[in-house]
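See below for the structure under consideration.
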Amino acid sequence: MTFPKELRYTETHEWVLFAEDGTATIGITDYAQDQLGDLVFVNLPEPGDAVSAGESFADVESVKAVSDVLSPVSGDVEAINEVLADEPERMNQDPYGSWFIKVRDITGQVNLMDADAYQAFVASC
């Protein structure tokens with residue numbers, strides 16, 4: 001299992017990458033995709049939709065269950081990863097190279113962990 005140092009992590013197993021232009025890219029962690037199993041469907045918001053920190057913005061269906069994906073930040077959806085509509089399994093193959101949404105105009109965020117803290121958190125799960 002990997003824990004890229006440049007990302008920040010939530011207790012609900014989402015990752016966020018803050019860019020210099022003020023946007024945030026959001027996905028699910030290696031741990032999350034492993035726990036979910038093979039993803040078969042991803043339901044994403046539309047560009048322009050608002051997301052709220054700690055609230056669901058998407059759901060994923062796996063061979064095991066349907067699960068909500070929570071936003072680590074509040075803001076507006078700038079872009080969605082349209083590839084996931086046809087190839088949700090990309091989240092299993094490359095959870096850090098795949099992403100769900102990019103958010104702009106960020107106005108808030110949940111408590112985030114660095115890679116070391118998240119790795120310790122996962123070890124305690």
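Identifiers in this document derive from the order of the structure tokens: chains are assigned A, B, ..., residues are numbered from 1 separately in each chain, and ligands are numbered from 1 in order of occurrence.
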For segment 28-37 of chain A, list every protein, DNA or RNA residue within 12 Å, evaluated using only C-alpha atoms, and leave out those in the same chain fewer than 3 positions away; present the list as a PyMOL selection string.
chain A and resi 1-4+7-17+25+40-42+58-72+88-101+115+118-119+121-123+125
Just C-alpha atoms for this one: save the residues we selected as an mmCIF file, in the first residue's frame.
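result_0.cif, freshly written:
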data_model
loop_
_atom_site.group_PDB
_atom_site.id
_atom_site.type_symbol
_atom_site.label_atom_id
_atom_site.label_comp_id
_atom_site.auth_asym_id
_atom_site.auth_seq_id
_atom_site.Cartn_x
_atom_site.Cartn_y
_atom_site.Cartn_z
ATOM 1 C CA MET A 1 0.000 0.000 0.000
ATOM 2 C CA THR A 2 1.342 3.431 -0.888
ATOM 3 C CA PHE A 3 1.022 6.832 0.795
ATOM 4 C CA PRO A 4 2.285 9.605 -1.528
ATOM 5 C CA LEU A 7 -1.109 14.366 -0.799
ATOM 6 C CA ARG A 8 -3.268 15.086 2.233
ATOM 7 C CA TYR A 9 -5.703 12.485 3.563
ATOM 8 C CA THR A 10 -9.049 12.262 5.371
ATOM 9 C CA GLU A 11 -10.202 9.826 8.023
ATOM 10 C CA THR A 12 -12.790 8.618 5.476
ATOM 11 C CA HIS A 13 -9.985 7.614 3.064
ATOM 12 C CA GLU A 14 -10.099 10.329 0.434
ATOM 13 C CA TRP A 15 -6.960 12.093 -0.771
ATOM 14 C CA VAL A 16 -6.546 15.686 -1.881
ATOM 15 C CA LEU A 17 -3.799 17.399 -3.843
ATOM 16 C CA THR A 25 -7.872 17.382 -6.949
ATOM 17 C CA VAL A 40 -17.971 -1.277 -11.248
ATOM 18 C CA PHE A 41 -19.688 2.149 -11.274
ATOM 19 C CA VAL A 42 -18.864 5.738 -10.317
ATOM 20 C CA ALA A 58 -20.147 11.062 -5.346
ATOM 21 C CA ASP A 59 -20.796 7.405 -4.833
ATOM 22 C CA VAL A 60 -18.991 4.323 -6.011
ATOM 23 C CA GLU A 61 -20.383 0.864 -6.518
ATOM 24 C CA SER A 62 -18.135 -2.111 -6.054
ATOM 25 C CA VAL A 63 -18.684 -5.835 -6.073
ATOM 26 C CA LYS A 64 -19.111 -5.501 -2.285
ATOM 27 C CA ALA A 65 -21.227 -2.363 -1.700
ATOM 28 C CA VAL A 66 -22.237 1.160 -2.671
ATOM 29 C CA SER A 67 -20.242 3.786 -0.779
ATOM 30 C CA ASP A 68 -20.332 7.573 -0.574
ATOM 31 C CA VAL A 69 -17.234 9.604 -1.363
ATOM 32 C CA LEU A 70 -16.895 12.644 0.909
ATOM 33 C CA SER A 71 -15.344 15.925 -0.113
ATOM 34 C CA PRO A 72 -12.366 17.086 1.945
ATOM 35 C CA PRO A 88 -14.316 2.759 -13.016
ATOM 36 C CA GLU A 89 -11.743 0.001 -12.538
ATOM 37 C CA ARG A 90 -9.024 2.620 -13.074
ATOM 38 C CA MET A 91 -9.526 3.583 -9.419
ATOM 39 C CA ASN A 92 -8.464 0.049 -8.452
ATOM 40 C CA GLN A 93 -5.532 -0.014 -10.851
ATOM 41 C CA ASP A 94 -4.131 3.429 -10.004
ATOM 42 C CA PRO A 95 -5.923 5.183 -7.120
ATOM 43 C CA TYR A 96 -3.451 8.081 -7.015
ATOM 44 C CA GLY A 97 -3.199 8.510 -10.778
ATOM 45 C CA SER A 98 -6.976 8.498 -11.077
ATOM 46 C CA TRP A 99 -9.128 11.199 -9.530
ATOM 47 C CA PHE A 100 -12.817 12.055 -9.204
ATOM 48 C CA ILE A 101 -13.070 15.847 -9.286
ATOM 49 C CA ALA A 115 1.115 10.834 4.624
ATOM 50 C CA TYR A 118 -2.520 8.691 7.480
ATOM 51 C CA GLN A 119 -0.288 5.621 7.301
ATOM 52 C CA PHE A 121 -4.211 5.863 10.996
ATOM 53 C CA VAL A 122 -4.657 3.047 8.445
ATOM 54 C CA ALA A 123 -2.464 0.762 10.544
ATOM 55 C CA CYS A 125 -8.010 0.468 11.362
#
I'd like the neighbourhood of Ala19 of chain A as a list in words, where a residue qualifies if any of its atoms comes within 12 Å (using only C-alpha atoms), though same-chain residues fewer than 4 positions away should be ignored.
Glu6, Leu7, Arg8, Thr23, Ala24, Thr25, Ile26, Lys102, Val103, Arg104 and Ile106 of chain A
Would you mind listing what lies within 8 Å of Ala50 of chain A as a compact mmCIF listing (two decimals) with C-alpha atoms, in the first residue's frame, with only C-alpha atoms counted and same-chain residues fewer than 3 positions away left out?
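And here is the file that came out, around_10.txt:
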# COMPACT_ATOMS: atom_id res chain seq x y z
CA SER A 74 -15.83 23.13 0.12
CA GLY A 75 -15.92 24.82 -3.27
CA ASP A 76 -17.14 24.44 -6.84
CA VAL A 77 -16.49 21.50 -9.14
I'd like to know which residues of segment 2-101 of chain A are helix (DSSP H, G or I) (by DSSP, run on the backbone); could you write them as a list in words?
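Assigned to helix (DSSP H, G or I), within segment 2-101 of chain A: Asp30, Tyr31, Ala32, Gln33, Asp34, Gln35, Leu36, Val83, Leu84, Ala85, Asp86, Arg90, Met91, Asn92 and Gln93 of chain A.
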If you run DSSP over the backbone, which residues in chain A end up strand (DSSP E or B)? Put them as a ChimeraX atom specification.
/A:8-9,14-18,24-28,39-43,50-51,56-62,66-70,73-80,101-109,113
Atom CA of Ser52 of chain A to atom CA of Gly108 of chain A, straight-line distance in Å:
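Between these atoms lies a distance of 8.0 Å.
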